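Asks: Starting off with a structure, shown below.
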Amino acid sequence: MTTVELTKDNFDEIVSENEFVLIDFWASWCGPCRQFGPVYEAASERHGDLVFAKVDTEAQQELAAAFEIRSIPTLMIVRDKVAVFAQPGALPEAALEDVIGQARGLDMDEVRKSIAEAQAPQG
């Protein structure tokens, strides 16, 4: 599967219409981003059921700011419209596969319950 270029115009549509989206925040001038690119592309070939997307932080500064991206590359995983993973740094292939496996294994009902409990007024 090819990666999808995310922009502020298509971001909400892609994330809300797909239950599992990986997002690579990157820039063309970033050396670690260029090293991570082929690893990310290879993973997209192995996981055809998932959406692999990229955000060019130079072209999409509003998106990068909205997600408070301070370091690139940053990988984010969104499941059922909930960000379940976000970490800066280029991951080696084995680590990327591990993260994908962990995100696949999440019980999203439990995740939503945890979020609701965290947001509930304390007292």
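Please note that chains go A, B, ... in the order of the structure tokens, that every chain numbers its residues from 1, and that ligands are numbered from 1 in the order shown.
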Please identify all polymer residues within 9 Å of A:Tyr40, counting only C-alpha atoms, omitting same-chain residues fewer than 4 positions from it, and present them as number ranges by chain.
Replies: A: 3, 24, 36, 44-45, 52, 91, 93, 96
Asks: For the selection just defined, write its residues with C-alpha atoms to a file, as a PDB file, in the first residue's frame.
Replies:
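Wrote result11.pdb, looks like this:
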ATOM      1  CA  THR A   3       1.494   6.100   1.869  1.00  0.00           C
ATOM      2  CA  ASP A  24       4.953   9.910  10.039  1.00  0.00           C
ATOM      3  CA  PHE A  36      13.207   6.171   8.511  1.00  0.00           C
ATOM      4  CA  SER A  44       3.269  -0.172   4.667  1.00  0.00           C
ATOM      5  CA  GLU A  45       3.835  -3.011   2.187  1.00  0.00           C
ATOM      6  CA  PHE A  52       0.208   4.706   6.411  1.00  0.00           C
ATOM      7  CA  LEU A  91      12.454   3.535  14.777  1.00  0.00           C
ATOM      8  CA  GLU A  93      12.244  -2.029  11.627  1.00  0.00           C
ATOM      9  CA  LEU A  96       8.234  -0.347  14.342  1.00  0.00           C
TER      10      LEU A  96
END
Asks: Considering only C-alpha atoms, return as number ranges by chain whatever protein or nucleic-acid residues lie within 12 Å of stretch 97-103 of chain A, sequence-local ones (same chain, fewer than 4 positions apart) excluded.
Replies: A: 19-23, 39-40, 42-44, 46-47, 49-52, 75-80, 82-87, 91-93, 107-108, 111
Asks: Residues near A:Ala65, anyone? I mean within 12 Å using only C-alpha atoms, not counting same-chain ones fewer than 5 positions away, as number ranges by chain.
Replies: A: 8, 25, 55-60, 70-71
Asks: Any chance you can output those residues with N, CA and C atoms as a PDB file, in the first residue's frame?
Replies:
ATOM      1  N   LYS A   8      -3.915  19.602   5.884  1.00  0.00           N
ATOM      2  CA  LYS A   8      -4.996  20.074   6.754  1.00  0.00           C
ATOM      3  C   LYS A   8      -6.353  19.872   6.083  1.00  0.00           C
ATOM      4  N   PHE A  25       5.432  12.152  10.862  1.00  0.00           N
ATOM      5  CA  PHE A  25       5.703  13.584  10.730  1.00  0.00           C
ATOM      6  C   PHE A  25       7.169  13.722  10.354  1.00  0.00           C
ATOM      7  N   VAL A  55       3.081  13.380   7.056  1.00  0.00           N
ATOM      8  CA  VAL A  55       2.825  14.815   7.147  1.00  0.00           C
ATOM      9  C   VAL A  55       4.159  15.520   6.979  1.00  0.00           C
ATOM     10  N   ASP A  56       4.288  16.281   5.900  1.00  0.00           N
ATOM     11  CA  ASP A  56       5.474  17.098   5.667  1.00  0.00           C
ATOM     12  C   ASP A  56       5.348  18.328   6.570  1.00  0.00           C
ATOM     13  N   THR A  57       6.137  18.365   7.629  1.00  0.00           N
ATOM     14  CA  THR A  57       5.986  19.422   8.640  1.00  0.00           C
ATOM     15  C   THR A  57       6.321  20.812   8.096  1.00  0.00           C
ATOM     16  N   GLU A  58       7.081  20.864   7.007  1.00  0.00           N
ATOM     17  CA  GLU A  58       7.371  22.164   6.391  1.00  0.00           C
ATOM     18  C   GLU A  58       6.143  22.687   5.652  1.00  0.00           C
ATOM     19  N   ALA A  59       5.491  21.806   4.894  1.00  0.00           N
ATOM     20  CA  ALA A  59       4.335  22.209   4.094  1.00  0.00           C
ATOM     21  C   ALA A  59       3.062  22.299   4.933  1.00  0.00           C
ATOM     22  N   GLN A  60       3.017  21.521   6.014  1.00  0.00           N
ATOM     23  CA  GLN A  60       1.802  21.445   6.836  1.00  0.00           C
ATOM     24  C   GLN A  60       2.100  21.902   8.265  1.00  0.00           C
ATOM     25  N   ARG A  70       7.514  18.575  18.127  1.00  0.00           N
ATOM     26  CA  ARG A  70       8.716  19.349  18.473  1.00  0.00           C
ATOM     27  C   ARG A  70       9.978  18.732  17.888  1.00  0.00           C
ATOM     28  N   SER A  71       9.898  17.470  17.504  1.00  0.00           N
ATOM     29  CA  SER A  71      11.054  16.739  17.012  1.00  0.00           C
ATOM     30  C   SER A  71      10.596  15.828  15.880  1.00  0.00           C
TER      31      SER A  71
END
Asks: Determine which residues of chain A DSSP labels as helix (DSSP H, G or I) from the backbone of this structure, then write them out as number ranges by chain.
Replies: A: 11-17, 31-46, 61-66, 93-105, 108-119
Asks: Go ahead and save the picked residues with C-alpha atoms, as a compact mmCIF listing (two decimals), in the first residue's frame.
Replies:
# COMPACT_ATOMS: atom_id res chain seq x y z
CA PHE A 11 -6.55 14.98 7.65
CA ASP A 12 -9.94 14.75 9.40
CA GLU A 13 -11.43 12.68 6.56
CA ILE A 14 -8.56 10.14 6.49
CA VAL A 15 -8.39 9.77 10.28
CA SER A 16 -12.16 9.51 10.80
CA GLU A 17 -12.80 7.11 7.90
CA GLY A 31 18.48 13.12 7.94
CA PRO A 32 16.81 10.72 10.40
CA CYS A 33 13.51 11.24 8.52
CA ARG A 34 15.17 10.16 5.28
CA GLN A 35 16.61 7.09 7.05
CA PHE A 36 13.21 6.17 8.51
CA GLY A 37 11.37 6.64 5.18
CA PRO A 38 12.32 3.25 3.64
CA VAL A 39 11.57 1.43 6.93
CA TYR A 40 8.12 3.08 7.03
CA GLU A 41 7.47 2.30 3.35
CA ALA A 42 8.44 -1.36 3.84
CA ALA A 43 6.07 -1.64 6.80
CA SER A 44 3.27 -0.17 4.67
CA GLU A 45 3.84 -3.01 2.19
CA ARG A 46 3.62 -5.63 4.96
CA GLN A 61 2.97 23.64 9.69
CA GLU A 62 -0.58 24.00 11.07
CA LEU A 63 -0.91 20.21 11.48
CA ALA A 64 2.52 19.93 13.06
CA ALA A 65 1.60 22.73 15.48
CA ALA A 66 -1.80 21.19 16.26
CA GLU A 93 12.24 -2.03 11.63
CA ALA A 94 11.85 -4.44 14.57
CA ALA A 95 10.73 -1.64 16.90
CA LEU A 96 8.23 -0.35 14.34
CA GLU A 97 6.78 -3.85 13.95
CA ASP A 98 6.55 -4.16 17.75
CA VAL A 99 4.70 -0.84 18.07
CA ILE A 100 2.28 -1.82 15.29
CA GLY A 101 1.65 -5.16 17.02
CA GLN A 102 1.02 -3.49 20.37
CA ALA A 103 -1.35 -0.95 18.81
CA ARG A 104 -3.23 -3.75 17.01
CA GLY A 105 -3.61 -5.55 20.35
CA MET A 108 -10.14 0.27 22.28
CA ASP A 109 -13.12 0.03 24.65
CA GLU A 110 -10.61 -0.06 27.53
CA VAL A 111 -8.66 2.85 26.02
CA ARG A 112 -11.82 4.98 25.71
CA LYS A 113 -12.82 4.04 29.29
CA SER A 114 -9.38 5.10 30.57
CA ILE A 115 -9.64 8.43 28.71
CA ALA A 116 -13.14 9.04 30.11
CA GLU A 117 -11.94 8.28 33.64
CA ALA A 118 -8.95 10.58 33.23
CA GLN A 119 -11.20 13.40 32.01
Asks: What's the separation between atom CA of A:Thr2 and atom CA of A:Lys54, in Å to one decimal place?
Replies: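 It comes out at 10.5 Å.
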Asks: Quick check, in Å to one decimal: how far apart do atom CA of A:Trp26 and atom CA of A:Asn10 lie?
Replies: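 Atom CA of A:Asn10 lies at a distance of 17.3 Å from atom CA of A:Trp26.
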Asks: Let me make sure I understand: among A:Ile72, A:Ala120, A:Ala53, A:Leu106, which one has the smallest atom-to-atom distance to A:Pro88 if we use only C-alpha atoms?
Replies: A:Ile72
